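Structure below is work34.txt: compact mmCIF, C-alpha atoms.
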```txt
# COMPACT_ATOMS: atom_id res chain seq x y z
CA MET A 1 23.10 255.59 141.44
CA ALA A 2 25.78 253.97 139.30
CA THR A 3 27.09 250.61 140.45
CA THR A 4 30.21 250.75 142.58
CA GLY A 5 32.76 247.95 142.55
CA ILE A 6 32.55 244.73 140.61
CA ILE A 7 29.34 243.96 138.77
CA VAL A 8 28.14 240.55 139.82
CA ASP A 9 26.73 238.06 137.27
CA ASP A 10 23.03 238.70 136.61
CA ALA A 11 23.16 242.43 137.39
CA PHE A 12 24.43 242.91 133.83
CA TYR A 13 21.99 241.37 131.42
CA LEU A 14 21.02 241.21 127.78
CA MET A 15 17.91 242.73 126.26
CA VAL A 16 16.78 241.68 122.80
CA ASN A 17 14.19 243.86 121.13
CA ALA A 18 13.66 245.86 124.36
CA THR A 19 12.92 242.86 126.59
CA LYS A 20 15.26 240.90 128.86
CA PHE A 21 16.47 237.60 127.41
CA THR A 22 15.47 235.28 130.25
CA HIS A 23 17.16 232.26 131.87
CA ILE A 24 20.65 233.18 130.62
CA THR A 25 23.51 231.25 132.16
CA SER A 26 26.29 233.00 130.27
CA CYS A 27 26.62 235.86 127.87
CA SER A 28 29.71 237.18 126.13
CA LEU A 29 30.40 240.17 123.98
CA THR A 30 33.46 240.22 121.74
CA ILE A 31 34.72 243.30 119.96
CA ASP A 32 37.41 242.84 117.33
CA GLN A 33 39.65 245.45 115.83
CA GLU A 34 41.41 244.51 112.59
CA THR A 35 44.91 245.75 112.00
CA ILE A 36 46.63 246.70 108.76
CA ASP A 37 50.30 245.93 108.46
CA ILE A 38 52.07 249.06 107.25
CA THR A 39 55.60 247.88 107.95
CA ASN A 40 58.03 249.26 105.38
CA TYR A 41 61.74 249.87 104.74
CA ASP A 42 61.64 252.85 107.10
CA SER A 43 60.14 250.91 110.03
CA SER A 44 63.51 250.26 111.70
CA LYS A 45 62.79 246.54 112.00
CA TRP A 46 59.72 247.08 114.18
CA LYS A 47 56.41 246.08 112.68
CA GLU A 48 54.00 248.96 112.28
CA PHE A 49 50.24 248.77 112.17
CA ASP A 50 47.30 250.98 111.47
CA VAL A 51 43.78 250.18 112.54
CA GLY A 52 41.22 248.74 110.15
CA ASP A 53 37.60 247.73 110.58
CA LYS A 54 35.92 246.85 113.85
CA SER A 55 33.29 244.20 114.45
CA TRP A 56 31.38 242.76 117.36
CA LYS A 57 29.41 239.65 118.18
CA MET A 58 27.55 238.24 121.11
CA ASP A 59 27.12 234.67 122.31
CA VAL A 60 24.41 233.64 124.70
CA GLU A 61 23.71 230.43 126.57
CA ALA A 62 20.44 229.91 128.37
CA TYR A 63 17.88 227.43 129.54
CA TYR A 64 15.02 227.01 127.09
CA ALA A 65 11.62 228.20 128.34
CA MET A 66 8.86 228.22 125.76
CA ASP A 67 6.55 230.53 127.69
CA ALA A 68 9.14 233.27 128.19
CA ALA A 69 8.67 236.59 126.40
CA GLU A 70 12.25 236.54 125.07
CA ASN A 71 14.08 233.22 124.95
CA GLY A 72 14.49 230.25 122.61
CA ASP A 73 11.22 230.59 120.69
CA GLU A 74 12.04 234.15 119.77
CA ALA A 75 15.64 233.31 118.82
CA LEU A 76 14.24 230.55 116.61
CA ASP A 77 11.71 232.92 114.98
CA ASP A 78 14.46 235.44 114.32
CA ILE A 79 16.90 233.04 112.72
CA ILE A 80 14.19 231.47 110.53
CA ALA A 81 12.75 234.82 109.45
CA GLY A 82 16.17 236.49 109.22
CA THR A 83 15.27 239.36 111.50
CA SER A 84 17.79 241.71 113.06
CA HIS A 85 17.18 243.30 116.45
CA THR A 86 18.63 245.81 118.81
CA LEU A 87 20.70 244.12 121.49
CA LEU A 88 21.28 246.01 124.71
CA LEU A 89 23.64 245.04 127.48
CA THR A 90 22.57 246.90 130.57
CA THR A 91 22.03 247.01 134.32
CA GLU A 92 19.11 248.50 136.27
CA GLU A 93 21.23 251.22 137.85
CA THR A 94 20.92 254.78 136.63
CA GLY A 95 24.29 256.07 135.47
CA ASP A 96 25.72 252.66 134.57
CA THR A 97 27.24 252.04 131.15
CA THR A 98 25.16 250.32 128.49
CA LEU A 99 26.21 248.83 125.16
CA SER A 100 23.81 248.55 122.28
CA GLY A 101 23.71 247.82 118.58
CA THR A 102 21.84 246.04 115.84
CA ALA A 103 22.65 242.38 115.34
CA TRP A 104 21.62 239.40 113.23
CA PRO A 105 21.13 235.97 114.74
CA VAL A 106 23.71 233.76 112.99
CA SER A 107 23.53 230.51 114.88
CA LEU A 108 21.23 228.73 117.25
CA SER A 109 21.56 225.32 118.79
CA VAL A 110 19.11 223.67 121.12
CA ASN A 111 20.64 221.03 123.32
CA SER A 112 18.81 218.25 125.10
CA SER A 113 20.33 215.35 126.99
CA LYS A 114 18.97 212.79 129.39
CA GLY A 115 18.75 214.00 132.95
CA SER A 116 19.33 217.67 132.27
CA ALA A 117 17.38 220.77 131.34
CA VAL A 118 17.11 221.79 127.70
CA THR A 119 19.53 224.57 126.88
CA LEU A 120 20.16 226.81 123.92
CA SER A 121 23.18 228.60 122.51
CA ALA A 122 22.68 231.58 120.26
CA SER A 123 25.16 233.80 118.47
CA TYR A 124 24.48 237.27 117.15
CA GLN A 125 26.64 239.10 114.65
CA GLY A 126 26.65 242.85 115.20
CA SER A 127 25.96 245.01 112.17
CA GLY A 128 27.23 248.56 112.35
CA ALA A 129 28.51 250.35 115.39
CA LEU A 130 28.26 249.21 118.96
CA THR A 131 27.18 252.25 120.95
CA LYS A 132 28.10 253.08 124.49
CA GLY A 133 25.36 254.73 126.51
CA THR A 134 24.12 255.26 130.06
CA VAL A 135 21.16 253.89 132.00
CA SER A 136 18.74 256.78 132.53
CA MET X 1 12.23 248.66 134.34
CA GLU X 2 10.25 245.75 135.73
CA ILE X 3 6.57 245.47 134.95
CA ILE X 4 3.80 242.99 135.65
CA ILE X 5 1.17 242.25 133.01
CA THR X 6 -2.28 242.98 134.44
CA LYS X 7 -4.38 241.83 131.50
CA ASP X 8 -3.67 239.17 128.85
CA THR X 9 -2.17 241.06 125.95
CA LYS X 10 -0.30 240.52 122.70
CA ASP X 11 3.42 241.25 122.74
CA ILE X 12 3.55 244.62 121.00
CA ARG X 13 7.13 244.33 119.77
CA PRO X 14 7.77 243.91 116.04
CA GLY X 15 8.39 240.30 115.06
CA ARG X 16 6.80 238.92 118.23
CA ASN X 17 3.39 237.31 118.50
CA LYS X 18 3.05 235.60 121.88
CA THR X 19 0.25 236.47 124.26
CA LEU X 20 1.65 237.78 127.51
CA LYS X 21 -0.43 236.26 130.30
CA LYS X 22 -1.75 238.24 133.25
CA GLY X 23 0.76 238.03 136.09
CA THR X 24 3.83 237.71 133.83
CA LYS X 25 6.76 239.73 135.11
CA LEU X 26 8.95 241.35 132.48
CA THR X 27 12.12 243.37 132.50
CA VAL X 28 11.84 245.79 129.62
CA THR X 29 13.30 249.07 128.45
CA LYS X 30 11.72 252.23 129.85
CA ASP X 31 10.12 253.07 126.48
CA LEU X 32 8.48 249.66 126.08
CA GLY X 33 7.37 249.51 129.72
CA GLU X 34 5.70 252.91 129.46
CA LYS X 35 3.79 251.75 126.36
CA TYR X 36 2.31 248.80 128.27
CA ILE X 37 1.52 250.95 131.31
CA LYS X 38 -0.09 253.68 129.20
CA ALA X 39 -2.24 251.05 127.46
CA LYS X 40 -3.27 249.84 130.98
CA LYS X 41 -1.95 246.38 130.22
CA ALA X 42 0.76 246.41 132.89
CA LYS X 43 1.84 247.96 136.16
CA LEU X 44 5.29 249.05 137.25
CA ILE X 45 6.83 246.78 139.88
CA GLU X 46 8.15 249.06 142.58
CA PRO X 47 11.27 247.87 144.37
CA ASP X 48 10.59 246.80 147.96
CA VAL X 49 12.42 249.57 149.78
CA ARG X 50 12.46 249.58 153.58
CA PRO X 51 13.87 252.34 155.76
CA ILE X 52 17.09 251.91 157.69
CA ILE X 53 16.17 252.00 161.37
CA LYS X 54 18.71 253.89 163.44
CA SER X 55 17.15 253.99 166.91
CA ALA X 56 14.70 252.22 169.22
CA GLU X 57 12.21 255.08 168.74
CA GLU X 58 12.33 254.65 164.98
CA ALA X 59 11.88 250.90 165.39
CA GLU X 60 8.74 251.45 167.51
CA GLU X 61 7.36 253.96 165.01
CA TYR X 62 8.05 251.57 162.13
CA ALA X 63 6.37 248.70 163.98
CA GLU X 64 3.25 250.83 164.63
CA ASN X 65 3.03 251.93 161.01
CA TYR X 66 3.60 248.38 159.83
CA GLN X 67 0.76 247.10 162.04
CA GLU X 68 -1.56 249.81 160.71
CA GLU X 69 -0.61 248.92 157.13
CA THR X 70 -1.20 245.22 157.62
CA LYS X 71 -4.64 245.92 159.21
CA LYS X 72 -5.78 247.71 156.01
```
Have the structure of the file written as structure tokens, please.
Amino acid sequence: MATTGIIVDDAFYLMVNATKFTHITSCSLTIDQETIDITNYDSSKWKEFDVGDKSWKMDVEAYYAMDAAENGDEALDDIIAGTSHTLLLTTEETGDTTLSGTAWPVSLSVNSSKGSAVTLSASYQGSGALTKGTVS
Amino acid sequence: MEIIITKDTKDIRPGRNKTLKKGTKLTVTKDLGEKYIKAKKAKLIEPDVRPIIKSAEEAEEYAENYQEETKK
């Protein structure tokens, strides 16, 4: 049954290459729509725009666990090898909305500081369309 | 879907090469999960669903069944 009400934190998670990216502490998807200025002498002093290209990207922050099936080691492999993957934002609930698309890893930083757990930040640049689907 | 690896096995996804250890729990897409289950390398983790008890009679019945189950 589709989720009712607000989706709370970890119910909506990221899958990379068909497996959940583990130990995520934050995840953000940004979709941008470019605009084309078509203002002209007939615009009556109001700017006019048409729509241009769209793009999307995803940023992930997580704790680094080397034994996880999908985490820092895999992000590292992907950025070194230059491998794109299918990213899927989803829940477990049948009928819920999913978002998926192919993306390239474009940045990865591993952060370690005294007295705290090792974390990683990864960014993925979407290539092609982001597709809306449904959990089945 | 959530699966548990029942036998040490190589990650079958392209671009991945880790060995998934027996007992590892994974959340995967339905397609990937079914591949592991079909290959007898994993089992589906069923959600722990318990009935909603609406009366004293149902509570007694549930307790009896639960005792029988735990004896097995």
Q: Take atom CA of Glu68 of chain X and atom CA of Lys43 of chain X and report the distance between them in Å, one decimal.
A: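 Spanning atom CA of Glu68 of chain X to atom CA of Lys43 of chain X is a straight-line distance of 24.9 Å.
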Q. Between A:Thr94, A:Tyr41, A:Leu29, A:Glu34, which one has atoms that come closest to chain X, using all atoms listed in the file?
A. A:Thr94
Q: Step by step: start from the point (14.6, 226.3, 125.0) in the file's coordinates, keep every protein, DNA or RNA residue that has an atom no farther than 6 Å from it, count all atoms listed in the file, and write the set as number ranges by chain.
A: A: 63-65, 72, 118-120
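For the atom pair formed by atom CA of Tyr36 of chain X and atom CA of Leu14 of chain A, the distance is 20.2 Å, given to one decimal.
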Q: Name all residues at most 9 Å from segment 38-40 of chain X (count only C-alpha atoms; drop same-chain ones fewer than 4 positions away) and give them as a ChimeraX atom specification.
A: /X:6-7,33-34
May I have the protein, DNA and RNA residues with any atom at most 9 Å from the point (9.2, 238.8, 133.4), counting only C-alpha atoms, written as a short mmCIF file (atom, residue, chain, number, x, y, z; two decimals) with C-alpha atoms, keeping the file's coordinate frame?
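Once everything was written out, this is out_37.cif:
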```
data_model
loop_
_atom_site.label_atom_id
_atom_site.label_comp_id
_atom_site.auth_asym_id
_atom_site.auth_seq_id
_atom_site.Cartn_x
_atom_site.Cartn_y
_atom_site.Cartn_z
CA THR A 19 12.92 242.86 126.59
CA LYS A 20 15.26 240.90 128.86
CA THR A 22 15.47 235.28 130.25
CA ALA A 68 9.14 233.27 128.19
CA ALA A 69 8.67 236.59 126.40
CA GLU X 2 10.25 245.75 135.73
CA ILE X 3 6.57 245.47 134.95
CA ILE X 4 3.80 242.99 135.65
CA ILE X 5 1.17 242.25 133.01
CA GLY X 23 0.76 238.03 136.09
CA THR X 24 3.83 237.71 133.83
CA LYS X 25 6.76 239.73 135.11
CA LEU X 26 8.95 241.35 132.48
CA THR X 27 12.12 243.37 132.50
CA VAL X 28 11.84 245.79 129.62
#
```
Q: May I have the residues of chain X within 8 Å of chain A, counting only C-alpha atoms, written as a ChimeraX atom specification?
A: /X:1,11,13,15-16,18,20,26-29,32
Q | Among the residues A:Cys27, A:Ala129, A:Met1, A:Val51, the one that comes closest to Tyr13 of chain A [using all atoms listed in the file] | A |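 Going through A:Cys27, A:Ala129, A:Met1, A:Val51 one by one, the smallest distance to Tyr13 of chain A is for A:Cys27.
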Q: Mind giving me the straight-line distance from atom CA of Thr134 of chain A to atom CA of Ile6 of chain A in Å, one decimal?
A: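 Taking atom CA of Thr134 of chain A as the start and atom CA of Ile6 of chain A as the end point, the length is 17.1 Å.
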(Q) Which residue is closest to Ser109 of chain A? Choose from A:Glu61, A:Ser127, A:Leu89, A:Gly133 and count all atoms listed in the file. (A) A:Glu61
**Q.** Near-segment 37-40 of chain A list (9 Å; only C-alpha atoms; drop same-chain fewer than 3 positions) as a ChimeraX atom specification
**A.** /A:43-51
